[in-house]
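Source file: model00.cif; contents: mmCIF, C-alpha atoms.
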data_run
loop_
_atom_site.label_atom_id
_atom_site.label_comp_id
_atom_site.auth_asym_id
_atom_site.auth_seq_id
_atom_site.Cartn_x
_atom_site.Cartn_y
_atom_site.Cartn_z
CA MET U 1 12.66 -32.92 31.21
CA LEU U 2 13.18 -29.37 30.01
CA SER U 3 16.53 -28.28 28.72
CA LYS U 4 18.61 -25.83 30.73
CA GLU U 5 18.05 -23.24 28.00
CA ARG U 6 14.26 -23.63 28.18
CA LEU U 7 14.29 -23.40 31.98
CA ASP U 8 16.43 -20.27 31.79
CA ALA U 9 13.98 -18.77 29.27
CA TYR U 10 11.08 -19.44 31.66
CA ARG U 11 12.97 -17.84 34.51
CA ARG U 12 13.51 -14.70 32.45
CA MET U 13 9.78 -14.40 31.66
CA THR U 14 7.61 -11.96 33.50
CA PRO U 15 4.61 -13.38 35.39
CA ALA U 16 2.36 -12.05 32.59
CA GLU U 17 4.44 -13.85 29.95
CA ARG U 18 4.31 -17.10 31.93
CA TRP U 19 0.54 -16.74 32.30
CA THR U 20 0.18 -16.18 28.55
CA GLU U 21 2.27 -19.30 27.90
CA THR U 22 0.07 -21.26 30.32
CA LEU U 23 -3.11 -20.14 28.55
CA HIS U 24 -1.69 -21.14 25.16
CA LEU U 25 -0.79 -24.58 26.48
CA LEU U 26 -4.25 -25.05 28.01
CA ASP U 27 -5.90 -24.05 24.73
CA TYR U 28 -3.66 -26.47 22.83
CA GLY U 29 -4.42 -29.29 25.27
CA TRP U 30 -8.17 -28.82 24.96
CA GLU U 31 -7.92 -28.55 21.17
CA MET U 32 -6.08 -31.88 21.03
CA LEU U 33 -8.47 -33.50 23.53
CA LEU U 34 -11.53 -32.46 21.56
CA ARG U 35 -10.14 -34.01 18.38
CA LEU U 36 -10.32 -37.44 20.01
CA PRO U 37 -13.35 -39.73 19.71
CA HIS U 38 -16.08 -39.01 22.27
CA GLU U 39 -15.41 -42.24 24.16
CA GLU U 40 -11.72 -41.39 24.59
CA VAL U 41 -12.53 -37.87 25.79
CA ALA U 42 -14.97 -39.30 28.33
CA ARG U 43 -12.41 -41.88 29.48
CA ARG U 44 -9.68 -39.29 29.98
CA LEU U 45 -11.93 -36.83 31.79
CA GLU U 46 -13.21 -39.59 34.08
CA ALA U 47 -9.62 -40.62 34.86
CA ALA U 48 -8.82 -37.01 35.74
CA ARG U 49 -11.91 -36.81 37.97
CA ARG U 50 -10.92 -40.02 39.79
CA GLU U 51 -7.38 -38.73 40.34
CA ARG U 52 -8.65 -35.39 41.65
CA GLN U 53 -11.02 -37.21 44.02
CA ARG U 54 -8.19 -39.46 45.22
CA VAL U 55 -6.06 -36.40 46.02
CA ASN U 56 -8.98 -34.64 47.73
CA ASP U 57 -9.70 -37.71 49.84
CA ARG U 58 -6.05 -37.95 50.89
CA VAL U 59 -5.97 -34.27 51.88
CA ALA U 60 -9.19 -34.70 53.86
CA ARG U 61 -7.70 -37.68 55.71
CA GLU U 62 -4.56 -35.73 56.53
CA LEU U 63 -6.57 -32.79 57.85
CA ALA U 64 -8.89 -34.97 59.98
#
Rewrite the structure from the file as structure tokens, please.
Amino acid sequence: MLSKERLDAYRRMTPAERWTETLHLLDYGWEMLLRLPHEEVARRLEAARRERQRVNDRVARELA
């Protein structure tokens, strides 16, 4: 959970500043992911793919 101070800081940011923060966090996440062994990277990406498919399937069922 984010502190009240951090949440307030985010709220004061412009959309461009929030986007810049998002890009930095994405870069950091990929940098950390790519430092892992190949097998672990593959496992995590496959887990993300399965979760995305599960959500897509649920949305498709709800829209049917």
inquiry  = So the first atom is CA of Leu34 (chain U) and the second is CA of Arg49 (chain U); what is the distance between them in Å, to one decimal place?
reply    = 17.0 Å
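The spacing separating CA of Val59 (chain U) from CA of Ala47 (chain U) amounts to 18.5 Å.
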query = Between U:Asp27, U:Glu21, U:Glu62, U:Glu40, which is the closest to Ala9 (chain U) once you count all atoms listed in the file?
reply = U:Glu21
query = Separation of CA of Thr14 (chain U) and CA of Trp30 (chain U), in Å?
reply =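 Going from CA of Thr14 (chain U) over to CA of Trp30 (chain U) covers 24.6 Å.
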If I wrap all listed atoms of region 36-51 of chain U in a box with edges along x, y and z and add 4 Å on each side, what are its centre and edge lengths in Å to one decimal, as lines of an AutoDock Vina configuration file?
center_x = -11.7
center_y = -39.5
center_z = 30.0
size_x = 16.7
size_y = 13.4
size_z = 28.6
